$ cat model_38.txt   # compact mmCIF, C-alpha atoms and all ligand atoms
# COMPACT_ATOMS: atom_id res chain seq x y z
CA MET A 1 -28.44 -60.45 -66.47
CA SER A 2 -31.09 -61.47 -63.96
CA ASP A 3 -34.84 -61.13 -64.60
CA ALA A 4 -34.98 -58.48 -61.85
CA LEU A 5 -32.31 -56.32 -63.53
CA ASN A 6 -33.99 -56.78 -66.90
CA TYR A 7 -37.22 -55.55 -65.32
CA LEU A 8 -35.54 -52.46 -63.82
CA VAL A 9 -33.89 -51.64 -67.18
CA LYS A 10 -37.37 -51.52 -68.71
CA ALA A 11 -39.10 -49.83 -65.78
CA ARG A 12 -36.40 -47.23 -64.95
CA PRO A 13 -34.23 -46.91 -68.09
CA ASP A 14 -32.56 -43.59 -67.18
CA ALA A 15 -31.63 -44.60 -63.65
CA MET A 16 -30.34 -47.99 -64.79
CA LYS A 17 -28.34 -46.44 -67.63
CA ALA A 18 -26.56 -44.24 -65.08
CA TYR A 19 -26.02 -47.26 -62.83
CA PHE A 20 -24.40 -49.31 -65.62
CA LYS A 21 -22.27 -46.32 -66.68
CA PHE A 22 -21.06 -46.02 -63.09
CA LEU A 23 -20.20 -49.75 -62.97
CA LYS A 24 -18.35 -49.54 -66.27
CA GLU A 25 -16.24 -46.57 -65.23
CA ALA A 26 -15.64 -47.49 -61.60
CA ASP A 27 -12.76 -49.86 -62.38
CA ASN A 28 -10.92 -47.83 -65.03
CA HIS A 29 -7.64 -47.91 -63.14
CA LEU A 30 -7.52 -51.62 -62.36
CA ASP A 31 -5.80 -54.25 -64.48
CA ASN A 32 -7.96 -57.12 -65.75
CA LYS A 33 -6.75 -59.69 -63.23
CA THR A 34 -7.40 -57.44 -60.23
CA ARG A 35 -10.85 -56.65 -61.59
CA ASP A 36 -11.62 -60.35 -62.08
CA LEU A 37 -10.40 -61.30 -58.61
CA ILE A 38 -12.51 -58.56 -56.99
CA SER A 39 -15.54 -59.80 -58.96
CA VAL A 40 -14.98 -63.33 -57.65
CA ILE A 41 -14.72 -62.05 -54.06
CA THR A 42 -17.92 -60.01 -54.36
CA LYS A 43 -19.82 -63.12 -55.46
CA VAL A 44 -18.51 -65.01 -52.46
CA ALA A 45 -19.40 -62.11 -50.15
CA VAL A 46 -23.04 -62.21 -51.27
CA GLN A 47 -22.98 -66.00 -51.72
CA THR A 48 -24.42 -66.04 -55.24
CA GLU A 49 -23.55 -69.52 -56.44
CA ASN A 50 -24.24 -69.01 -60.15
CA GLY A 51 -22.41 -65.69 -60.10
CA PHE A 52 -19.45 -67.27 -58.33
CA ARG A 53 -19.25 -70.10 -60.89
CA GLN A 54 -19.50 -67.61 -63.74
CA TYR A 55 -16.95 -65.08 -62.46
CA LEU A 56 -14.56 -67.84 -61.44
CA THR A 57 -14.72 -69.21 -64.99
CA ARG A 58 -14.10 -65.74 -66.37
CA ALA A 59 -11.15 -65.16 -64.04
CA LEU A 60 -9.54 -68.42 -65.19
CA ARG A 61 -10.24 -67.59 -68.83
CA GLU A 62 -8.64 -64.15 -68.44
CA GLY A 63 -5.46 -65.67 -67.03
CA CYS A 64 -5.86 -65.75 -63.23
CA THR A 65 -4.22 -68.87 -61.82
CA PRO A 66 -5.90 -71.13 -59.23
CA ASN A 67 -3.23 -70.04 -56.72
CA GLU A 68 -4.10 -66.37 -57.29
CA ILE A 69 -7.81 -67.10 -56.80
CA LEU A 70 -7.16 -69.05 -53.59
CA ASP A 71 -4.89 -66.25 -52.31
CA ALA A 72 -7.58 -63.65 -53.07
CA LEU A 73 -10.15 -65.70 -51.15
CA LEU A 74 -7.85 -66.09 -48.16
CA MET A 75 -6.76 -62.42 -48.22
CA ALA A 76 -10.42 -61.41 -48.09
CA PHE A 77 -10.82 -63.41 -44.86
CA PRO A 78 -11.46 -60.27 -42.73
CA VAL A 79 -14.61 -59.49 -44.75
CA LEU A 80 -15.64 -62.98 -45.86
CA GLY A 81 -14.95 -64.97 -42.72
CA LEU A 82 -14.19 -68.69 -42.75
CA ALA A 83 -17.78 -69.84 -43.40
CA LYS A 84 -18.01 -68.04 -46.76
CA ILE A 85 -14.55 -69.18 -47.81
CA VAL A 86 -15.54 -72.78 -47.04
CA TRP A 87 -18.79 -72.23 -48.98
CA ALA A 88 -16.73 -71.13 -52.02
CA VAL A 89 -14.29 -74.02 -51.70
CA GLU A 90 -17.17 -76.50 -51.54
CA ILE A 91 -18.41 -75.14 -54.88
CA LEU A 92 -14.85 -75.35 -56.23
CA LEU A 93 -14.70 -79.01 -55.19
CA ASP A 94 -18.07 -79.64 -56.81
CA MET A 95 -16.81 -78.08 -60.06
CA ASP A 96 -13.77 -80.40 -59.89
CA ILE A 97 -11.59 -78.16 -62.05
CA PRO A 98 -8.38 -80.13 -62.75
CA GLU A 99 -6.08 -77.13 -62.16
CA PHE A 100 -7.42 -76.67 -58.60
CA ARG A 101 -6.40 -80.15 -57.46
CA PRO A 102 -3.76 -79.66 -54.74
CA GLU A 103 -1.10 -81.72 -56.53
CA ARG A 104 -1.51 -79.57 -59.67
CA LEU A 105 -1.55 -76.09 -58.17
CA ASP A 106 2.10 -75.42 -58.95
CA GLU A 107 2.18 -77.07 -62.37
CA THR A 108 3.41 -74.96 -65.25
CA PRO A 109 2.00 -75.43 -68.78
CA ARG A 110 3.68 -78.15 -70.85
CA TRP A 111 3.07 -80.48 -73.78
CA HIS A 112 0.98 -83.59 -73.05
CA ASP A 113 1.02 -86.80 -75.11
CA VAL A 114 -2.68 -87.22 -75.98
CA SER A 115 -3.14 -89.94 -78.60
CA GLU A 116 -2.09 -91.43 -81.93
CA ALA A 117 -2.08 -88.63 -84.50
CA ASP A 118 -4.54 -90.57 -86.69
CA ALA A 119 -6.86 -91.58 -83.83
CA VAL A 120 -9.82 -89.64 -85.25
CA ALA A 121 -11.13 -89.86 -88.84
CA ASN A 122 -11.95 -86.73 -90.81
CA GLY A 123 -15.27 -85.16 -89.73
CA THR A 124 -15.52 -87.22 -86.56
CA THR A 125 -14.97 -86.60 -82.85
CA ALA A 126 -13.67 -88.66 -79.94
CA ARG A 127 -13.60 -87.85 -76.23
CA VAL A 128 -10.31 -88.87 -74.62
CA ASP A 129 -8.74 -88.59 -71.18
CA CYS A 130 -5.19 -87.40 -70.72
CA ASP A 131 -3.25 -86.50 -67.56
CA GLY A 132 -6.34 -85.82 -65.44
CA ARG A 133 -8.24 -83.87 -68.09
CA SER A 134 -10.81 -84.78 -70.78
CA LEU A 135 -10.69 -83.49 -74.33
CA PHE A 136 -12.77 -83.71 -77.48
CA LEU A 137 -10.54 -84.50 -80.46
CA HIS A 138 -12.11 -83.47 -83.73
CA GLN A 139 -10.69 -83.67 -87.22
CA VAL A 140 -11.79 -81.12 -89.81
CA ASP A 141 -10.19 -80.76 -93.25
CA GLY A 142 -7.20 -82.80 -92.15
CA GLU A 143 -6.59 -80.69 -89.03
CA LEU A 144 -6.88 -82.50 -85.70
CA ARG A 145 -8.23 -80.13 -83.04
CA ALA A 146 -8.20 -80.63 -79.28
CA TYR A 147 -11.03 -78.93 -77.37
CA ASP A 148 -11.32 -78.78 -73.60
CA SER A 149 -14.31 -80.84 -72.41
CA ARG A 150 -14.96 -78.08 -69.85
CA CYS A 151 -17.75 -75.75 -70.88
CA PRO A 152 -16.64 -72.10 -71.31
CA HIS A 153 -19.78 -70.98 -69.46
CA GLN A 154 -19.34 -72.52 -65.99
CA VAL A 155 -16.68 -75.22 -66.47
CA THR A 156 -19.12 -78.17 -66.58
CA ASN A 157 -17.34 -81.31 -67.76
CA ILE A 158 -19.32 -82.05 -70.95
CA PRO A 159 -19.88 -85.81 -71.39
CA ASP A 160 -19.59 -87.98 -74.49
CA LEU A 161 -23.37 -88.34 -74.65
CA ALA A 162 -23.69 -84.62 -75.34
CA LEU A 163 -22.35 -85.16 -78.86
CA GLU A 164 -24.68 -85.53 -81.84
CA GLY A 165 -22.80 -85.45 -85.14
CA THR A 166 -20.87 -82.18 -85.07
CA ARG A 167 -23.10 -80.59 -82.39
CA LEU A 168 -22.06 -80.67 -78.76
CA THR A 169 -24.65 -79.61 -76.16
CA CYS A 170 -23.59 -78.80 -72.61
CA PRO A 171 -26.15 -80.47 -70.31
CA LYS A 172 -26.05 -77.73 -67.67
CA HIS A 173 -27.58 -74.74 -69.52
CA ASN A 174 -27.77 -76.13 -73.08
CA TRP A 175 -25.13 -74.05 -74.79
CA VAL A 176 -24.57 -75.70 -78.20
CA PHE A 177 -21.17 -75.85 -79.89
CA ASP A 178 -20.21 -76.62 -83.49
CA MET A 179 -17.24 -78.99 -83.44
CA ASP A 180 -15.95 -77.87 -86.85
CA SER A 181 -15.35 -74.32 -85.61
CA GLY A 182 -15.55 -74.67 -81.82
CA ASP A 183 -18.02 -71.75 -81.85
CA CYS A 184 -21.06 -71.57 -79.62
CA VAL A 185 -24.01 -71.57 -82.03
CA GLU A 186 -26.98 -71.56 -79.64
CA LYS A 187 -27.77 -69.96 -76.28
CA GLY A 188 -24.27 -68.85 -75.31
CA ASP A 189 -21.62 -66.51 -76.63
CA ARG A 190 -18.22 -68.09 -76.07
CA PRO A 191 -16.38 -70.81 -78.02
CA LEU A 192 -14.94 -74.02 -76.66
CA ASN A 193 -11.44 -73.64 -75.29
CA GLN A 194 -9.05 -75.07 -77.88
CA PHE A 195 -5.58 -76.29 -76.95
CA GLU A 196 -2.51 -75.71 -79.07
CA THR A 197 -1.45 -78.99 -80.69
CA LYS A 198 1.42 -80.49 -82.65
CA VAL A 199 2.29 -83.91 -84.07
CA GLU A 200 5.57 -85.57 -83.18
CA ASN A 201 6.58 -89.11 -84.14
CA GLY A 202 3.01 -90.02 -85.04
CA ARG A 203 1.64 -88.77 -81.69
CA LEU A 204 -0.69 -85.83 -81.03
CA LEU A 205 0.60 -83.50 -78.32
CA ALA A 206 -1.51 -80.75 -76.70
CA TYR A 207 -0.31 -77.80 -74.61
CA TRP A 208 -1.92 -76.71 -71.35
S1 LIG B 1 -22.04 -74.69 -67.82
FE1 LIG B 1 -23.66 -73.47 -68.53
S2 LIG B 1 -23.94 -74.17 -70.56
FE2 LIG B 1 -22.29 -75.30 -69.88

$ encode --input "model_38.txt" --output "structure tokens"
Amino acid sequence: MSDALNYLVKARPDAMKAYFKFLKEADNHLDNKTRDLISVITKVAVQTENGFRQYLTRALREGCTPNEILDALLMAFPVLGLAKIVWAVEILLDMDIPEFRPERLDETPRWHDVSEADAVANGTTARVDCDGRSLFLHQVDGELRAYDSRCPHQVTNIPDLALEGTRLTCPKHNWVFDMDSGDCVEKGDRPLNQFETKVENGRLLAYW
């Protein structure tokens, strides 16, 4: 929540309580995807860059596909106009989310051959690239985990340098993650995205 809203909550608690109740109940009859897409469009309409990045990340996390998000932007053309749609696409390009690349828009999830199954020793982490995406491989108690290098906050591609032992710190807003659990342990409230994995013929495969 912004500093201004925090201020109003303290200065006008009753009015703000009613406001938040209204917001909470206004979308009772919408499914999650529709709600998320409308939220993305509202952020484009008012051109709030941080809000757009955040709601876009949430829409993807909740299952909206890049094609659905692009369609929602284009369908809102009568209210957004081309300039705001271009503004949003420029931010999308800056975020460089692999799934938005034109050649990948129609891809369906599949297994990807990531590395040797014993590429990472117990208790250690390695950042690897695979099929246009980066992952942090981390072994804990004999289990090899594959985490998305994209931050669950605003999809920042977290670099290798952000790793210190089992702590991974996103450089954008300093959310800190524990590699053993994937949980966010400082600043934020969402865990790293973890891919389903399996081992076949000595190779680690991950599903996305
Ligand atoms: S993008 Fe905000 S903490 Fe990573």

$ atom_distance --input "model_38.txt" --atom1 "atom CA of Arg58 of chain A" --atom2 "atom CA of Phe20 of chain A"
19.4 Å

$ residues_around --input "model_38.txt" --residues "Glu164 of chain A" --least-positions-apart "6" --cutoff "12 Å" --atoms "all atoms listed in the file" --output "MDAnalysis selection string"
chainID A and resid 124:126 170 176:179

$ axis_aligned_box --input "model_38.txt" --around "ligand LIG 1 (chain B)" --padding-each-side "4 Å" --output "AutoDock Vina command-line options"
--center_x -23.0 --center_y -74.4 --center_z -69.2 --size_x 9.9 --size_y 9.8 --size_z 10.7

$ residues_near_ligand --input "model_38.txt" --ligand "ligand LIG 1 (chain B)" --cutoff "7 Å" --atoms "all atoms listed in the file" --output "number ranges by chain"
A: 151-156, 170-175

$ atom_distance --input "model_38.txt" --atom1 "atom CA of Arg104 of chain A" --atom2 "atom CA of Leu56 of chain A"
17.6 Å

$ residues_around --input "model_38.txt" --residues "Gly123 of chain A" --least-positions-apart "6" --cutoff "10 Å" --atoms "only C-alpha atoms" --output "VMD selection string"
chain A and resid 138 to 144 165 to 166 179 to 180

$ closest_atom_pairs --input "model_38.txt" --of "segment 37-91 of chain A" --to "segment 190-196 of chain A" --cutoff "12 Å" --atoms "all atoms listed in the file" --output "JSON lines"
{"residue": "A:Thr57", "atom": "CA", "partner": "A:Arg190", "partner_atom": "CA", "distance": 11.7}
{"residue": "A:Arg58", "atom": "CA", "partner": "A:Arg190", "partner_atom": "CA", "distance": 10.8}
{"residue": "A:Leu60", "atom": "CA", "partner": "A:Asn193", "partner_atom": "CA", "distance": 11.5}
{"residue": "A:Arg61", "atom": "CA", "partner": "A:Asn193", "partner_atom": "CA", "distance": 8.9}

$ closest_residue --input "model_38.txt" --among "A:Val185, A:Asp96, A:Gln54, A:Trp208" --to "Asn157 of chain A" --atoms "all atoms listed in the file"
A:Asp96

$ atom_distance --input "model_38.txt" --atom1 "atom CA of Val79 of chain A" --atom2 "atom CA of Val46 of chain A"
11.0 Å

$ residues_around --input "model_38.txt" --residues "Ser2 of chain A" --least-positions-apart "4" --cutoff "12 Å" --atoms "all atoms listed in the file" --output "ChimeraX atom specification"
/A:6-9,48,50-51

$ closest_residue --input "model_38.txt" --among "A:Phe100, A:Tyr147, A:Tyr55, A:Tyr207" --to "Asp113 of chain A" --atoms "all atoms listed in the file"
A:Tyr207

$ residues_around --input "model_38.txt" --residues "Ala117 of chain A" --least-positions-apart "2" --cutoff "8 Å" --atoms "only C-alpha atoms" --output "ChimeraX atom specification"
/A:115,119-120,144,199,202-204
